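The structure file protein07.txt is reproduced below (compact mmCIF, C-alpha atoms and all ligand atoms).
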# COMPACT_ATOMS: atom_id res chain seq x y z
CA MET A 1020 0.00 0.00 0.00
CA ALA A 1021 1.37 3.40 -0.97
CA GLY A 1022 2.18 5.86 1.80
CA ALA A 1023 4.54 8.73 2.57
CA ILE A 1024 8.33 8.42 2.44
CA LEU A 1025 11.27 10.73 3.12
CA ILE A 1026 14.54 9.96 1.31
CA THR A 1027 17.88 11.71 1.89
CA GLY A 1028 20.50 12.16 -0.82
CA ALA A 1029 17.97 12.06 -3.67
CA SER A 1030 19.91 14.42 -5.96
CA ARG A 1031 21.58 11.53 -7.81
CA GLY A 1032 22.53 7.86 -7.65
CA ILE A 1033 20.55 5.32 -5.64
CA GLY A 1034 18.54 7.92 -3.67
CA HIS A 1035 17.37 9.49 -6.91
CA ALA A 1036 16.39 6.16 -8.49
CA LEU A 1037 14.65 5.07 -5.28
CA SER A 1038 12.63 8.30 -5.19
CA ILE A 1039 11.41 7.58 -8.73
CA ALA A 1040 10.60 3.93 -7.88
CA PHE A 1041 8.40 5.02 -4.95
CA ALA A 1042 6.82 7.87 -6.94
CA LYS A 1043 5.92 5.45 -9.76
CA ALA A 1044 4.23 3.22 -7.18
CA GLY A 1045 2.03 6.15 -6.12
CA TRP A 1046 3.76 7.08 -2.86
CA THR A 1047 4.06 10.65 -1.68
CA VAL A 1048 7.83 11.05 -1.89
CA PHE A 1049 9.69 13.76 0.01
CA ALA A 1050 12.88 13.54 -2.03
CA SER A 1051 15.58 15.60 -0.40
CA SER A 1052 18.85 17.03 -1.57
CA ARG A 1053 21.43 19.09 0.30
CA LYS A 1054 21.70 21.56 -2.57
CA PRO A 1055 18.78 23.71 -3.69
CA GLN A 1056 20.13 23.24 -7.24
CA ALA A 1057 19.70 19.55 -7.98
CA PRO A 1058 18.49 19.58 -11.58
CA LEU A 1059 17.89 15.82 -11.84
CA LEU A 1060 15.56 15.97 -8.85
CA TRP A 1061 13.64 19.09 -9.80
CA ASN A 1062 13.18 17.80 -13.39
CA VAL A 1063 11.71 14.54 -12.20
CA ALA A 1064 9.34 16.44 -9.88
CA ARG A 1065 7.74 17.94 -13.00
CA GLU A 1066 6.96 14.42 -14.20
CA PHE A 1067 5.61 13.11 -10.86
CA PRO A 1068 3.36 15.54 -8.95
CA ASN A 1069 3.53 13.18 -5.95
CA LEU A 1070 7.32 13.69 -5.72
CA ARG A 1071 8.09 16.75 -3.60
CA PRO A 1072 11.70 17.92 -3.76
CA LEU A 1073 13.06 19.60 -0.66
CA VAL A 1074 16.38 20.79 0.69
CA LEU A 1075 17.97 18.78 3.51
CA ASP A 1076 21.64 18.74 4.44
CA VAL A 1077 22.18 15.92 6.93
CA LEU A 1078 25.12 17.83 8.46
CA ASP A 1079 23.07 20.89 9.37
CA ASP A 1080 20.63 21.03 12.30
CA SER A 1081 18.63 23.94 10.94
CA SER A 1082 18.40 22.46 7.44
CA VAL A 1083 17.11 19.18 8.89
CA GLY A 1084 14.68 21.02 11.19
CA GLU A 1085 13.34 23.13 8.33
CA ALA A 1086 12.94 20.07 6.11
CA ALA A 1087 11.04 18.20 8.85
CA ALA A 1088 8.77 21.22 9.32
CA ALA A 1089 8.15 21.41 5.57
CA VAL A 1090 7.21 17.72 5.49
CA ALA A 1091 4.93 18.16 8.53
CA LYS A 1092 3.07 20.92 6.69
CA GLU A 1093 2.14 18.45 3.97
CA THR A 1094 1.50 15.24 5.87
CA ASP A 1095 0.43 14.11 9.36
CA SER A 1096 2.58 10.99 9.22
CA LEU A 1097 5.52 9.29 7.55
CA ASP A 1098 5.58 5.56 6.83
CA VAL A 1099 9.21 5.27 5.72
CA LEU A 1100 12.44 7.18 6.24
CA VAL A 1101 15.35 6.13 4.02
CA ASN A 1102 18.70 7.37 5.30
CA ASN A 1103 20.57 7.11 2.02
CA ALA A 1104 22.87 10.17 1.88
CA ALA A 1105 26.52 9.27 2.38
CA VAL A 1106 30.07 10.26 1.52
CA PHE A 1107 33.10 8.19 0.58
CA PRO A 1108 36.22 10.20 1.40
CA GLY A 1109 39.44 9.38 -0.46
CA GLU A 1110 39.97 6.83 -3.23
CA GLY A 1111 39.49 3.77 -1.04
CA ASP A 1112 42.84 2.04 -1.54
CA GLU A 1113 44.95 4.23 0.78
CA ARG A 1114 47.14 2.52 3.37
CA LEU A 1115 46.81 3.68 6.98
CA GLU A 1116 49.91 5.88 6.77
CA ASP A 1117 48.62 7.64 3.65
CA LEU A 1118 45.14 8.43 4.94
CA ASP A 1119 44.03 11.95 5.65
CA LEU A 1120 42.77 11.37 9.19
CA ALA A 1121 40.12 14.07 8.73
CA TRP A 1122 38.34 11.58 6.44
CA PHE A 1123 37.27 9.51 9.44
CA GLY A 1124 35.43 12.50 10.87
CA GLU A 1125 33.88 13.37 7.51
CA ALA A 1126 32.60 9.84 6.95
CA VAL A 1127 31.19 9.48 10.46
CA GLU A 1128 29.62 12.97 10.49
CA THR A 1129 27.59 12.28 7.35
CA ASN A 1130 27.10 8.51 7.39
CA VAL A 1131 26.37 8.09 11.11
CA THR A 1132 25.68 11.38 12.92
CA GLY A 1133 23.68 12.60 9.92
CA VAL A 1134 21.47 9.51 10.16
CA ALA A 1135 20.88 10.11 13.88
CA ARG A 1136 20.08 13.78 13.21
CA VAL A 1137 17.56 13.11 10.43
CA THR A 1138 15.96 10.19 12.27
CA ARG A 1139 15.43 12.30 15.39
CA ALA A 1140 13.72 15.00 13.37
CA ALA A 1141 11.49 12.49 11.55
CA LEU A 1142 10.43 10.51 14.64
CA PRO A 1143 7.26 12.47 15.53
CA LEU A 1144 5.85 11.84 12.03
CA LEU A 1145 7.11 8.24 11.91
CA ARG A 1146 5.39 7.46 15.23
CA LYS A 1147 2.08 8.24 13.49
CA GLY A 1148 2.94 6.23 10.37
CA ASN A 1149 1.51 3.01 8.98
CA ARG A 1150 3.96 0.10 9.65
CA PRO A 1151 6.66 2.75 10.22
CA ARG A 1152 10.08 1.81 8.88
CA ILE A 1153 13.52 3.41 9.12
CA VAL A 1154 15.86 2.08 6.45
CA ASN A 1155 19.55 2.80 6.76
CA ILE A 1156 21.39 2.26 3.50
CA SER A 1157 24.48 0.41 4.63
CA SER A 1158 27.13 -1.47 2.68
CA GLY A 1159 28.92 -4.79 2.59
CA ALA A 1160 31.94 -2.61 3.43
CA GLY A 1161 30.41 -2.20 6.89
CA SER A 1162 30.48 -5.93 7.63
CA ILE A 1163 33.10 -6.61 10.30
CA SER A 1164 33.11 -10.37 9.84
CA ASP A 1165 33.51 -10.11 6.03
CA LYS A 1166 36.49 -7.74 6.31
CA GLU A 1167 39.59 -9.35 4.78
CA ASP A 1168 41.47 -6.33 3.37
CA PHE A 1169 42.33 -2.74 4.26
CA SER A 1170 40.15 -1.00 1.69
CA TYR A 1171 38.01 2.06 2.41
CA TYR A 1172 39.18 2.68 5.99
CA PRO A 1173 36.98 5.71 6.82
CA TYR A 1174 33.94 4.55 4.82
CA SER A 1175 34.04 0.98 6.21
CA VAL A 1176 34.38 2.23 9.76
CA SER A 1177 31.44 4.60 9.28
CA LYS A 1178 29.19 1.88 7.80
CA ALA A 1179 30.08 -0.56 10.61
CA ALA A 1180 29.09 2.22 13.03
CA LEU A 1181 25.88 2.76 11.07
CA ASN A 1182 25.08 -0.93 11.52
CA MET A 1183 25.52 -0.52 15.26
CA LEU A 1184 23.30 2.56 15.21
CA THR A 1185 20.70 0.47 13.38
CA ARG A 1186 20.76 -2.23 16.08
CA ALA A 1187 20.50 0.31 18.89
CA MET A 1188 17.64 2.25 17.28
CA ALA A 1189 15.85 -1.02 16.52
CA ALA A 1190 15.99 -1.88 20.22
CA GLU A 1191 14.87 1.57 21.34
CA PHE A 1192 12.00 1.99 18.87
CA ARG A 1193 10.60 -1.56 19.13
CA THR A 1194 8.05 -0.35 21.70
CA ASP A 1195 6.97 2.40 19.27
CA GLY A 1196 6.35 -0.26 16.62
CA ILE A 1197 9.02 1.25 14.35
CA THR A 1198 11.06 -1.21 12.29
CA VAL A 1199 14.71 -0.22 11.83
CA THR A 1200 16.69 -2.15 9.21
CA ALA A 1201 20.06 -1.81 7.48
CA LEU A 1202 19.96 -2.61 3.75
CA SER A 1203 22.89 -3.10 1.41
CA PRO A 1204 22.08 -1.87 -2.11
CA GLY A 1205 24.70 -4.04 -3.86
CA TRP A 1206 27.54 -2.66 -5.97
CA VAL A 1207 25.89 0.02 -8.08
CA GLN A 1208 26.93 2.29 -11.00
CA THR A 1209 26.88 5.70 -9.35
CA GLU A 1210 29.50 8.32 -8.63
CA MET A 1211 30.34 6.34 -5.51
CA GLY A 1212 30.17 2.86 -7.04
CA GLY A 1213 31.95 3.78 -10.31
CA PRO A 1214 31.26 2.57 -13.86
CA ASN A 1215 32.34 -1.07 -13.38
CA ALA A 1216 29.58 -1.97 -10.93
CA PRO A 1217 27.26 -4.74 -12.14
CA LEU A 1218 24.00 -3.01 -11.17
CA THR A 1219 22.39 0.18 -12.44
CA ALA A 1220 20.86 2.51 -9.86
CA GLU A 1221 17.44 1.63 -11.28
CA GLN A 1222 18.01 -2.13 -10.81
CA SER A 1223 19.17 -1.64 -7.23
CA ALA A 1224 16.29 0.75 -6.50
CA ARG A 1225 13.70 -1.70 -7.86
CA SER A 1226 14.76 -4.43 -5.46
CA LEU A 1227 15.22 -2.00 -2.56
CA TYR A 1228 11.67 -0.75 -3.22
CA SER A 1229 10.17 -4.27 -3.02
CA THR A 1230 12.13 -5.08 0.13
CA ILE A 1231 11.22 -1.81 1.90
CA ASP A 1232 7.58 -2.26 0.90
CA ARG A 1233 7.39 -5.62 2.66
CA LEU A 1234 9.60 -5.07 5.73
CA THR A 1235 7.94 -6.27 8.95
CA PRO A 1236 8.81 -5.82 12.64
CA GLU A 1237 10.63 -9.21 12.42
CA ASP A 1238 13.17 -7.47 10.17
CA SER A 1239 13.98 -4.85 12.80
CA GLY A 1240 17.66 -4.84 13.78
CA ARG A 1241 18.62 -6.94 10.73
CA PHE A 1242 21.23 -6.24 8.05
CA LEU A 1243 19.76 -7.42 4.74
CA ASN A 1244 20.81 -7.20 1.14
CA ARG A 1245 18.66 -5.36 -1.35
CA ASP A 1246 16.57 -8.46 -2.06
CA GLY A 1247 15.67 -8.68 1.61
CA ARG A 1248 17.78 -11.76 2.21
CA GLY A 1249 19.90 -11.99 5.32
CA GLY A 1250 23.10 -13.94 5.52
CA ASP A 1251 24.87 -12.37 2.55
CA TYR A 1252 26.23 -9.79 4.92
CA ALA A 1253 27.16 -11.01 8.34
CA TRP A 1254 27.55 -8.27 10.91
N1 LIG B 1301 27.14 2.71 -5.18
C1 LIG B 1301 27.47 1.62 -4.53
O1 LIG B 1301 28.04 0.68 -5.09
C2 LIG B 1301 27.12 1.47 -3.07
C3 LIG B 1301 27.46 0.27 -2.43
C4 LIG B 1301 27.12 0.10 -1.11
C5 LIG B 1301 26.43 1.09 -0.43
N2 LIG B 1301 26.12 2.26 -1.06
C6 LIG B 1301 25.38 3.26 -0.29
O2 LIG B 1301 24.24 3.67 -1.03
C7 LIG B 1301 23.89 5.02 -0.68
C8 LIG B 1301 23.80 5.87 -1.94
O3 LIG B 1301 25.06 5.83 -2.59
P1 LIG B 1301 25.28 6.27 -4.11
O4 LIG B 1301 26.09 5.22 -4.72
O5 LIG B 1301 23.98 6.69 -4.72
O6 LIG B 1301 26.22 7.53 -3.86
P2 LIG B 1301 26.42 8.88 -4.67
O7 LIG B 1301 26.08 8.73 -6.09
O8 LIG B 1301 27.78 9.36 -4.28
O9 LIG B 1301 25.32 9.84 -4.00
C9 LIG B 1301 25.45 10.23 -2.67
C10 LIG B 1301 24.26 11.10 -2.32
O10 LIG B 1301 24.42 11.54 -0.95
C11 LIG B 1301 24.23 12.94 -0.94
N3 LIG B 1301 24.88 13.59 0.19
C12 LIG B 1301 26.18 13.58 0.55
N4 LIG B 1301 26.37 14.35 1.64
C13 LIG B 1301 25.16 14.84 1.98
C14 LIG B 1301 24.69 15.71 3.00
N5 LIG B 1301 25.54 16.28 3.87
N6 LIG B 1301 23.37 15.97 3.08
C15 LIG B 1301 22.51 15.46 2.16
N7 LIG B 1301 22.89 14.67 1.14
C16 LIG B 1301 24.21 14.37 1.06
C17 LIG B 1301 24.78 13.43 -2.28
O11 LIG B 1301 24.31 14.74 -2.54
P3 LIG B 1301 25.08 15.76 -3.56
O12 LIG B 1301 24.57 15.43 -4.94
O13 LIG B 1301 24.63 17.09 -3.09
O14 LIG B 1301 26.55 15.54 -3.42
C18 LIG B 1301 24.17 12.36 -3.18
O15 LIG B 1301 22.80 12.64 -3.43
C19 LIG B 1301 24.99 5.49 0.28
O16 LIG B 1301 24.55 5.32 1.60
C20 LIG B 1301 26.13 4.54 -0.02
O17 LIG B 1301 27.02 4.41 1.07
C21 LIG B 1301 26.45 2.48 -2.36
Represent the structure of the file as structure tokens.
Ligand SMILES: NC(=O)c1ccc[n+]([C@@H]2O[C@H](COP(=O)([O-])OP(=O)(O)OC[C@H]3O[C@@H](n4cnc5c(N)ncnc54)[C@H](OP(=O)(O)O)[C@@H]3O)[C@@H](O)[C@H]2O)c1
Amino acid sequence: MAGAILITGASRGIGHALSIAFAKAGWTVFASSRKPQAPLLWNVAREFPNLRPLVLDVLDDSSVGEAAAAVAKETDSLDVLVNNAAVFPGEGDERLEDLDLAWFGEAVETNVTGVARVTRAALPLLRKGNRPRIVNISSGAGSISDKEDFSYYPYSVSKAALNMLTRAMAAEFRTDGITVTALSPGWVQTEMGGPNAPLTAEQSARSLYSTIDRLTPEDSGRFLNRDGRGGDYAW
């Protein structure tokens, strides 16, 4: 059943494709971008009147507060929040001694603290939602037990922390009936994933859409791949 969804990082890549997938299915989509100029997003809003673009920078308290207020003006409740916005500092193959240590802070600020900030702001509307779900877009790079190399230090650390945040929020919000799940989108052709990835953003978004649509409270605190299967990514 269609409902209302807020998606961060919808200016391009997976967040953009996911916004279109939900809009096509008739959802009211609050598709957010940190920049007011996000041509891809504003163009698609002309095609789908149920897709409402808005500005939301996950690093900025007042931007997040203003976005939440703008959403609350248009709807009494939110059924889904997708925390998709993320950064990937560096090239990914740097050795420890070659890393810019500031990258750890950058990755955690956006990929973890940003998720906490947006989730806090969205909670009042989520609490009134139908089968409310918080979906944190994680990554296989965040799996501690799968880690066999030294790639993506700051990004991997931030996604492992995001997985922990997911578990903690799942425990806290269980009594509110809010499902909190980490989903891995697969390796996807975006600016972050690069051109050699096997999946297009549209392919990833299609399976993410189906999985998000059918998430139940039993999925709370789980780390699933885009098809909704557990086990591919061990914590
Ligand atoms: N692509 C892959 O292979 C892959 C694999 C595993 C997991 N993921 C995850 O999937 C999600 C989407 O990744 P993607 O591949 O679509 O990445 P992408 O193409 O690099 O897009 C990242 C998005 O995040 C936004 N963003 C960054 N900082 C932000 C901030 N402070 N506030 C609001 N938005 C911000 C960007 O906005 P701007 O346009 O303004 O920069 C952009 O819309 C991320 O969580 C990523 O970690 C991707």
Could you pull out the residues sitting within 6 Å of ligand LIG 1301 (chain B), using all atoms listed in the file, and write them as an MDAnalysis selection string?
chainID A and resid 1027:1034 1052:1054 1075:1078 1103:1106 1129 1156:1158 1203:1212
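Take CA of Ala1189 in chain A and CA of Pro1236 in chain A: the distance between them is 9.4 Å.
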Wanna dump the range 1134-1161 of chain A-range 1167-1182 of chain A contacts at 12 Å for me, each residue with its shortest atom pair and the distance in Å to one decimal, counting all atoms listed in the file, ordered by chain and number, as CSV?
residue,atom,partner,partner_atom,distance
A:Val1134,CA,A:Leu1181,CA,8.1
A:Ala1135,CA,A:Leu1181,CA,9.3
A:Val1154,CA,A:Asn1182,CA,10.9
A:Asn1155,CA,A:Leu1181,CA,7.7
A:Ile1156,CA,A:Leu1181,CA,8.8
A:Ser1157,CA,A:Lys1178,CA,5.9
A:Ser1158,CA,A:Lys1178,CA,6.5
A:Gly1159,CA,A:Lys1178,CA,8.5
A:Ala1160,CA,A:Ser1175,CA,5.0
A:Gly1161,CA,A:Ala1179,CA,4.1
How far is it from CA of Ala1091 in chain A to CA of Leu1142 in chain A, in Å with one decimal?
11.2 Å
Selection near range 1245-1250 of chain A, 6 Å with all atoms listed in the file, sequence-local residues under 3 positions removed, as a PDB file with C-alpha atoms, in the coordinates of the input:
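New file part-v2.pdb:
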ATOM      1  CA  LEU A1202      19.960  -2.610   3.750  1.00  0.00           C
ATOM      2  CA  SER A1203      22.890  -3.100   1.410  1.00  0.00           C
ATOM      3  CA  PRO A1204      22.080  -1.870  -2.110  1.00  0.00           C
ATOM      4  CA  SER A1226      14.760  -4.430  -5.460  1.00  0.00           C
ATOM      5  CA  LEU A1227      15.220  -2.000  -2.560  1.00  0.00           C
ATOM      6  CA  THR A1230      12.130  -5.080   0.130  1.00  0.00           C
ATOM      7  CA  ALA A1253      27.160 -11.010   8.340  1.00  0.00           C
TER       8      ALA A1253
END
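The point (6.5, 18.1, 10.9) has these residues within 12 Å of it when only C-alpha atoms are used: Leu1025, Val1083, Gly1084, Glu1085, Ala1086, Ala1087, Ala1088, Ala1089, Val1090, Ala1091, Lys1092, Glu1093, Thr1094, Asp1095, Ser1096, Leu1097, Arg1139, Ala1140, Ala1141, Leu1142, Pro1143, Leu1144, Leu1145, Arg1146 and Lys1147 of chain A.
As for CA of Val1074 in chain A and CA of Ser1051 in chain A, they are spaced 5.4 Å apart.
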For Ala1036 in chain A, the closest of A:Phe1107, A:Tyr1228, A:Trp1122, A:Trp1061 counting only C-alpha atoms is A:Tyr1228
